[in-house]
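Participant: I am sharing coords25.csv, which consists of CSV, C-alpha atoms:
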```
chain,number,residue,atom,x,y,z
A,18,LEU,CA,16.7,16.1,-2.7
A,19,GLY,CA,14.9,14.3,0.1
A,20,GLY,CA,13.6,16.6,2.9
A,21,GLY,CA,14.8,14.1,5.5
A,22,VAL,CA,17.1,11.5,4.0
A,23,TYR,CA,19.0,11.0,0.7
A,24,MET,CA,20.5,7.6,0.0
A,25,THR,CA,21.9,5.9,-3.1
A,26,THR,CA,21.4,2.5,-1.5
A,27,GLY,CA,21.0,1.2,2.1
A,28,GLN,CA,18.2,0.5,4.6
A,29,ILE,CA,15.9,2.6,6.7
A,30,GLU,CA,14.1,0.7,9.5
A,31,ASN,CA,11.8,1.4,12.4
A,32,SER,CA,11.8,5.1,11.7
A,33,ARG,CA,9.3,8.0,11.6
A,34,PHE,CA,9.2,10.9,9.1
A,35,ILE,CA,6.9,13.6,10.1
A,36,SER,CA,6.3,17.0,8.4
A,37,ASN,CA,9.4,17.0,6.3
A,38,GLN,CA,9.3,19.0,3.0
A,39,THR,CA,11.2,20.0,0.0
A,40,THR,CA,10.7,23.6,-1.2
A,41,HIS,CA,12.4,23.7,-4.6
A,42,THR,CA,9.6,24.2,-7.2
A,43,GLY,CA,11.4,23.2,-10.3
A,44,GLY,CA,12.3,19.8,-11.8
A,45,GLY,CA,14.8,17.3,-10.6
A,46,SER,CA,14.6,14.8,-7.7
A,47,GLN,CA,12.3,15.7,-4.8
A,48,GLY,CA,10.8,13.4,-2.3
A,49,GLY,CA,9.4,15.1,0.8
A,50,ALA,CA,11.0,12.8,3.3
A,51,VAL,CA,13.3,10.3,1.5
A,52,VAL,CA,15.0,10.1,-1.9
A,53,MET,CA,16.6,6.8,-2.7
A,54,THR,CA,18.2,5.3,-5.8
A,55,ALA,CA,17.7,1.8,-4.5
A,56,GLY,CA,17.4,0.3,-1.0
A,57,LYS,CA,14.9,-0.8,1.6
A,58,ILE,CA,12.4,1.0,3.8
A,59,LEU,CA,11.1,-1.3,6.6
A,60,ASN,CA,8.6,-0.8,9.4
A,61,SER,CA,8.4,2.9,9.1
A,62,VAL,CA,5.8,5.7,9.3
A,63,PHE,CA,5.5,8.8,7.0
A,64,ILE,CA,3.0,11.5,8.1
A,65,GLY,CA,2.4,15.0,6.6
A,66,ASN,CA,5.5,15.2,4.4
A,67,ARG,CA,5.4,17.5,1.3
A,68,SER,CA,7.2,17.8,-2.0
A,69,ALA,CA,6.9,21.1,-3.8
A,70,GLY,CA,8.7,20.1,-7.0
A,71,SER,CA,7.4,18.7,-10.3
A,72,ALA,CA,9.4,15.4,-9.8
A,73,GLY,CA,7.0,14.3,-7.1
A,74,GLY,CA,7.0,11.8,-4.3
A,75,GLY,CA,5.2,13.5,-1.3
A,76,ALA,CA,7.0,11.1,1.2
A,77,VAL,CA,9.4,8.9,-0.9
A,78,LEU,CA,10.9,9.2,-4.3
A,79,GLN,CA,12.8,6.1,-5.7
A,80,THR,CA,14.7,6.8,-8.9
A,81,GLY,CA,16.9,3.8,-9.8
A,82,SER,CA,16.4,0.9,-12.2
A,83,VAL,CA,17.2,-1.6,-9.3
A,84,PRO,CA,13.8,-2.2,-7.5
A,85,GLY,CA,13.4,-0.6,-4.2
A,86,LEU,CA,11.5,-2.3,-1.4
A,87,ILE,CA,8.9,-0.8,1.0
A,88,SER,CA,7.7,-3.3,3.6
A,89,ASN,CA,5.3,-2.8,6.5
A,90,CYS,CA,5.1,1.0,6.2
A,91,PHE,CA,2.3,3.5,6.8
A,92,PHE,CA,1.9,6.7,4.7
A,93,PHE,CA,-0.7,9.2,5.9
A,94,GLN,CA,-1.6,12.7,4.6
A,95,ASN,CA,1.5,13.2,2.5
A,96,GLY,CA,1.2,15.4,-0.6
A,97,SER,CA,3.0,16.5,-3.7
A,98,VAL,CA,2.8,18.9,-6.6
A,99,GLY,CA,4.2,16.3,-8.9
A,100,SER,CA,3.0,12.7,-9.3
A,101,GLY,CA,2.9,10.3,-6.4
A,102,GLY,CA,1.2,11.9,-3.3
A,103,GLY,CA,2.7,9.2,-1.1
A,104,VAL,CA,5.3,7.5,-3.1
A,105,GLN,CA,6.8,7.9,-6.6
A,106,ALA,CA,9.0,5.1,-7.9
A,107,ALA,CA,10.8,4.0,-11.1
A,108,THR,CA,10.5,0.4,-10.0
A,109,ILE,CA,9.3,-0.8,-6.6
A,110,THR,CA,8.2,-3.8,-4.6
A,111,MET,CA,5.7,-2.8,-1.8
A,112,VAL,CA,4.3,-5.3,0.7
A,113,ASP,CA,2.2,-5.2,3.8
A,114,SER,CA,1.9,-1.4,3.6
A,115,SER,CA,-0.9,1.2,3.8
A,116,LEU,CA,-1.2,4.5,2.0
A,117,GLU,CA,-4.1,6.7,3.3
A,118,GLU,CA,-5.3,10.2,2.6
A,119,ASN,CA,-2.3,11.1,0.4
A,120,GLY,CA,-2.9,13.5,-2.5
A,121,LEU,CA,-1.7,15.8,-5.2
A,122,TYR,CA,-2.0,19.6,-5.5
A,123,ASN,CA,-1.8,19.8,-9.3
A,124,GLU,CA,-3.1,17.9,-12.4
A,125,ASN,CA,-0.9,14.8,-12.0
A,126,SER,CA,-1.3,11.1,-11.4
A,127,GLY,CA,-1.1,8.6,-8.5
A,128,GLY,CA,-2.7,9.9,-5.3
A,129,GLY,CA,-1.1,7.2,-3.2
A,130,LEU,CA,1.5,5.7,-5.5
A,131,TYR,CA,2.9,6.5,-8.9
A,132,ALA,CA,5.3,3.9,-10.4
A,133,GLY,CA,6.7,2.7,-13.6
A,134,CYS,CA,6.9,-0.9,-12.6
A,135,ALA,CA,5.5,-2.2,-9.3
A,136,VAL,CA,4.9,-5.4,-7.4
A,137,LEU,CA,2.2,-4.8,-4.8
A,138,LYS,CA,1.2,-7.4,-2.2
A,139,ASN,CA,-1.1,-7.1,0.8
A,140,CYS,CA,-1.3,-3.3,0.5
A,141,ARG,CA,-4.1,-0.9,1.2
A,142,PHE,CA,-4.8,2.4,-0.6
A,143,VAL,CA,-7.5,4.3,1.2
A,144,ARG,CA,-9.0,7.8,0.6
A,145,ASN,CA,-6.2,9.0,-1.6
A,146,ARG,CA,-7.0,11.8,-4.1
A,147,VAL,CA,-5.8,13.1,-7.4
A,148,ASN,CA,-6.8,15.5,-10.2
A,149,LEU,CA,-5.9,13.2,-13.2
A,150,ASN,CA,-5.3,9.5,-13.2
A,151,GLY,CA,-5.2,6.8,-10.5
A,152,GLY,CA,-6.7,8.1,-7.3
A,153,GLY,CA,-5.0,5.2,-5.4
A,154,VAL,CA,-2.3,4.0,-7.8
A,155,TYR,CA,-1.0,4.8,-11.2
A,156,LEU,CA,1.3,2.4,-13.0
A,157,SER,CA,2.8,3.5,-16.3
A,158,ALA,CA,4.5,0.3,-17.5
A,159,SER,CA,3.7,-2.9,-15.6
A,160,GLY,CA,2.2,-4.2,-12.4
A,161,MET,CA,1.8,-7.4,-10.4
A,162,ILE,CA,-0.9,-6.8,-7.8
A,163,ASP,CA,-2.0,-9.4,-5.3
A,164,ASN,CA,-4.4,-9.2,-2.3
A,165,CYS,CA,-4.6,-5.4,-2.3
A,166,HIS,CA,-7.5,-3.2,-1.2
A,167,PHE,CA,-8.4,0.1,-3.0
A,168,ILE,CA,-11.0,1.9,-0.9
A,169,SER,CA,-12.7,5.3,-1.3
A,170,ASN,CA,-10.0,6.8,-3.5
A,171,TYR,CA,-11.1,9.8,-5.5
A,172,THR,CA,-10.2,11.1,-9.0
A,173,THR,CA,-11.4,14.2,-10.9
A,174,PHE,CA,-10.5,15.8,-14.3
A,175,THR,CA,-12.7,17.8,-16.7
A,176,SER,CA,-10.8,17.7,-20.0
A,177,GLY,CA,-11.5,15.2,-22.8
A,178,GLY,CA,-9.5,12.0,-23.5
A,179,LEU,CA,-9.3,8.7,-21.7
A,180,TYR,CA,-8.5,9.4,-18.1
A,181,GLY,CA,-9.6,7.9,-14.8
A,182,GLY,CA,-9.1,4.9,-12.6
A,183,GLY,CA,-10.4,5.9,-9.3
A,184,GLY,CA,-8.7,3.1,-7.5
A,185,LEU,CA,-6.1,1.9,-10.0
A,186,HIS,CA,-4.9,3.2,-13.4
A,187,LEU,CA,-2.9,0.5,-15.3
A,188,ASN,CA,-1.3,1.9,-18.4
A,189,GLY,CA,0.8,-1.2,-19.4
A,190,THR,CA,1.0,-4.9,-18.8
A,191,GLY,CA,0.1,-6.7,-15.6
A,192,VAL,CA,-1.9,-9.0,-13.4
A,193,VAL,CA,-4.4,-7.9,-10.8
A,194,HIS,CA,-5.4,-10.9,-8.5
A,195,ASN,CA,-7.5,-11.4,-5.5
A,196,SER,CA,-8.0,-7.7,-4.8
A,197,TRP,CA,-10.8,-5.5,-3.7
A,198,PHE,CA,-12.0,-2.2,-5.2
A,199,VAL,CA,-14.6,-0.6,-2.9
A,200,SER,CA,-16.3,2.8,-3.1
A,201,ASN,CA,-13.8,4.5,-5.4
A,202,THR,CA,-15.1,7.5,-7.3
A,203,ILE,CA,-14.3,9.5,-10.4
A,204,THR,CA,-16.2,12.7,-11.1
A,205,GLY,CA,-14.6,14.3,-14.1
A,206,SER,CA,-16.6,14.5,-17.4
A,207,GLY,CA,-14.0,12.8,-19.5
A,208,MET,CA,-13.1,10.0,-17.1
A,209,PHE,CA,-13.6,6.2,-17.0
A,210,GLY,CA,-13.2,3.2,-14.7
A,211,GLY,CA,-14.4,4.1,-11.2
A,212,GLY,CA,-12.5,1.1,-9.7
A,213,LEU,CA,-10.0,0.3,-12.4
A,214,LEU,CA,-9.0,1.7,-15.8
A,215,GLU,CA,-6.8,-0.4,-18.1
A,216,LEU,CA,-5.6,1.1,-21.4
A,217,GLY,CA,-4.7,-2.0,-23.3
A,218,LYS,CA,-1.0,-1.2,-24.0
A,219,GLY,CA,-0.1,-4.8,-23.2
A,220,PRO,CA,-1.5,-8.1,-21.8
A,221,VAL,CA,-3.5,-7.5,-18.7
A,222,LEU,CA,-5.4,-10.1,-16.6
A,223,VAL,CA,-7.8,-9.2,-13.8
A,224,THR,CA,-8.7,-12.3,-11.9
A,225,ASN,CA,-10.7,-13.1,-8.7
A,226,CYS,CA,-11.3,-9.5,-7.9
A,227,TYR,CA,-14.2,-7.7,-6.3
A,228,PHE,CA,-15.6,-4.3,-7.5
A,229,ILE,CA,-18.2,-3.0,-5.1
A,230,GLY,CA,-19.9,0.4,-5.0
A,231,ASN,CA,-17.5,2.2,-7.3
A,232,GLN,CA,-18.7,5.2,-9.4
A,233,SER,CA,-18.0,6.8,-12.7
A,234,ARG,CA,-19.7,9.7,-14.6
A,235,ASN,CA,-19.0,7.8,-17.8
A,236,SER,CA,-18.4,4.2,-18.7
A,237,GLY,CA,-17.1,1.5,-16.4
A,238,GLY,CA,-18.3,2.3,-12.9
A,239,GLY,CA,-16.4,-0.8,-11.6
A,240,ILE,CA,-13.9,-1.6,-14.3
A,241,TYR,CA,-13.1,-0.2,-17.8
A,242,LEU,CA,-11.0,-2.5,-20.0
A,243,THR,CA,-9.7,-1.6,-23.4
A,244,GLY,CA,-7.7,-4.8,-24.1
A,245,GLY,CA,-7.4,-6.8,-21.0
A,246,MET,CA,-9.3,-9.8,-19.7
A,247,ALA,CA,-11.3,-10.1,-16.5
A,248,THR,CA,-12.2,-13.5,-15.1
A,249,GLU,CA,-13.9,-14.8,-12.0
A,250,CYS,CA,-14.6,-11.3,-10.8
A,251,THR,CA,-17.6,-9.8,-8.9
A,252,VAL,CA,-18.9,-6.4,-9.9
A,253,ARG,CA,-21.9,-4.8,-8.1
```
For this file, produce the structure as structure tokens.
Facilitator:
Amino acid sequence: LGGGVYMTTGQIENSRFISNQTTHTGGGSQGGAVVMTAGKILNSVFIGNRSAGSAGGGAVLQTGSVPGLISNCFFFQNGSVGSGGGVQAATITMVDSSLEENGLYNENSGGGLYAGCAVLKNCRFVRNRVNLNGGGVYLSASGMIDNCHFISNYTTFTSGGLYGGGGLHLNGTGVVHNSWFVSNTITGSGMFGGGLLELGKGPVLVTNCYFIGNQSRNSGGGIYLTGGMATECTVR
């Protein structure tokens, strides 16, 4: 439970977590560097942390119903067998943070971030990779995303069904505003939405966003909507 730190609540600030790991391969809480029920992580760096368990969270796993906060943090080359190569969270607010080159070692979702509910503001998701859904980010319930950049994230999966979202996979309700999706790629034969995949399980609004140079083997190289609305967006 947390290769470096386990906390029910509290605050981590101005810290570095490098090459921590959990080795338990079963279920239960993991989190390569930190497991927290609630709390705050501020101004910290996570590099090369690993979670071997199916619960996920290569660097950080947040499990509680009270939203956690991650602010001004950097996640680089963390990895997980379960979902969330960088971070897995039940409900999280993430601001001014960057998740780069995180990934998964199995067929799970969220190369950079996997969350139930998330508020993301001024964040970057760059060159994260996954073998199922959401190369950069996977949100299973709801998301509020503002001024975020999804760049060169990568997703692949070969089975049938509706999978994908090279940059972002939004599986519930949400708003995506003033964000950039650039050069995200999905290569699997049964995958959609090179930049963004939205599955229409609630109201979704995509507004004032840019989709540039994203690629999909199937439909929706830039964006694939099944029930949401896109307005004032640029796709090319």
Participant: Closest to Val143 of chain A among A:Gly182, A:Phe174, A:Ser200, A:Glu215, using only C-alpha atoms?
Facilitator: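 Answer, going by the shortest atom-to-atom distance: A:Ser200.
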Participant: Please return as a ChimeraX atom specification every residue within 7 Å of (-9.1, -8.4, -20.6), taking into account all atoms listed in the file and the file's own coordinates.
Facilitator: /A:221-223,242,244-247
Participant: Using C-alpha atoms, can you write the selected residues to a file as a PDB file, keeping the file's coordinate frame?
Facilitator:
```pdb
ATOM      1  CA  VAL A 221      -3.500  -7.500 -18.700  1.00  0.00           C
ATOM      2  CA  LEU A 222      -5.400 -10.100 -16.600  1.00  0.00           C
ATOM      3  CA  VAL A 223      -7.800  -9.200 -13.800  1.00  0.00           C
ATOM      4  CA  LEU A 242     -11.000  -2.500 -20.000  1.00  0.00           C
ATOM      5  CA  GLY A 244      -7.700  -4.800 -24.100  1.00  0.00           C
ATOM      6  CA  GLY A 245      -7.400  -6.800 -21.000  1.00  0.00           C
ATOM      7  CA  MET A 246      -9.300  -9.800 -19.700  1.00  0.00           C
ATOM      8  CA  ALA A 247     -11.300 -10.100 -16.500  1.00  0.00           C
TER       9      ALA A 247
END
```
Participant: For a quick check of understanding, using all atoms listed in the file, which of A:Gly211, A:Gly27, A:Gly85, A:Gly237 has the smallest distance to Val112 of chain A?
Facilitator: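 Looking only at the distances to Val112 of chain A, the closest residue turns out to be A:Gly85.
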Participant: Using all atoms listed in the file, can you tell me which of A:Gly65, A:Val52, A:Asn125, A:Gly70 comes closest to Gly96 of chain A?
Facilitator: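 Among A:Gly65, A:Val52, A:Asn125, A:Gly70, it is A:Gly65 that comes nearest to Gly96 of chain A.
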Participant: Quick one: pull the distance between atom CA of Gly205 of chain A and atom CA of Gly183 of chain A, Å, one decimal.
Facilitator: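 Going from atom CA of Gly205 of chain A over to atom CA of Gly183 of chain A covers 10.5 Å.
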Participant: Between A:Ala132, A:Cys165, A:Leu187, A:Val192, which has the minimum distance to Gln79 of chain A (counting all atoms listed in the file)?
Facilitator: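 Closest residue, counting all atoms listed in the file: A:Ala132.
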Participant: Quick one: residues within 10 Å of Ile58 of chain A, all atoms listed in the file counted, chain neighbours fewer than 6 positions away excluded, as a list in words?
Facilitator: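 The residues that qualify are Gly27, Gln28, Ile29, Glu30, Asn31, Ser32, Val51, Val77, Gly85, Leu86, Ile87, Ser88, Asn89, Cys90 and Met111 of chain A.
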Participant: Choose the residue, out of A:Asn145, A:Thr110, A:Thr251, A:Asn119, that has the smallest atom-to-atom separation from Leu59 of chain A; count only C-alpha atoms.
Facilitator: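 Answer, going by the shortest atom-to-atom distance: A:Thr110.
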Participant: Do you have the atom CA of Met161 of chain A-atom CA of Pro220 of chain A distance handy?
Facilitator: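 It comes out at 11.9 Å.
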Participant: List as a list in words the protein and nucleic acid residues near Thr190 of chain A, meaning an atom at most 7 Å away when all atoms listed in the file are counted, but skip any in the same chain fewer than 3 places from it.
Facilitator: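 Listing them by chain and then by number gives Ala158, Ser159, Gly160, Lys218, Gly219, Pro220 and Val221 of chain A.
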Participant: Would you pick out the contacts of Thr25 of chain A at 7 Å or less, using all atoms listed in the file, so that residues sharing its chain but fewer than 4 positions from it are not included, and give the list as a list of chain:residue names?
Facilitator: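 Listed by chain and then number, they are A:Met53, A:Thr54, A:Ala55.
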Participant: With only C-alpha atoms as the basis for distance, which of A:Gly21, A:Gly212, A:Gly189, A:Gly56 is at the shortest distance from Phe142 of chain A?
Facilitator: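 Counting only C-alpha atoms, the residue closest to Phe142 of chain A is A:Gly212.
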Participant: How many Å separate atom CA of Ala50 of chain A from atom CA of Val98 of chain A?
Facilitator: 14.2 Å
Participant: Please identify all polymer residues within 6 Å of Phe93 of chain A, counting all atoms listed in the file, omitting same-chain residues fewer than 4 positions from it, and present them as a list in words.
Facilitator: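 Listing them by chain and then by number gives Ile64, Glu117 and Glu118 of chain A.
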Participant: Quick one: residues within 8 Å of Tyr171 of chain A, all atoms listed in the file counted, chain neighbours fewer than 4 positions away excluded, as number ranges by chain?
Facilitator: A: 144-147, 152-153, 183-184, 201-203
Participant: Around (-22.5, -0.1, -6.4) in the file's frame, which residues reach within 8 Å when counting only C-alpha atoms? Return as a PyMOL selection string?
Facilitator: chain A and resi 200+229-232+253
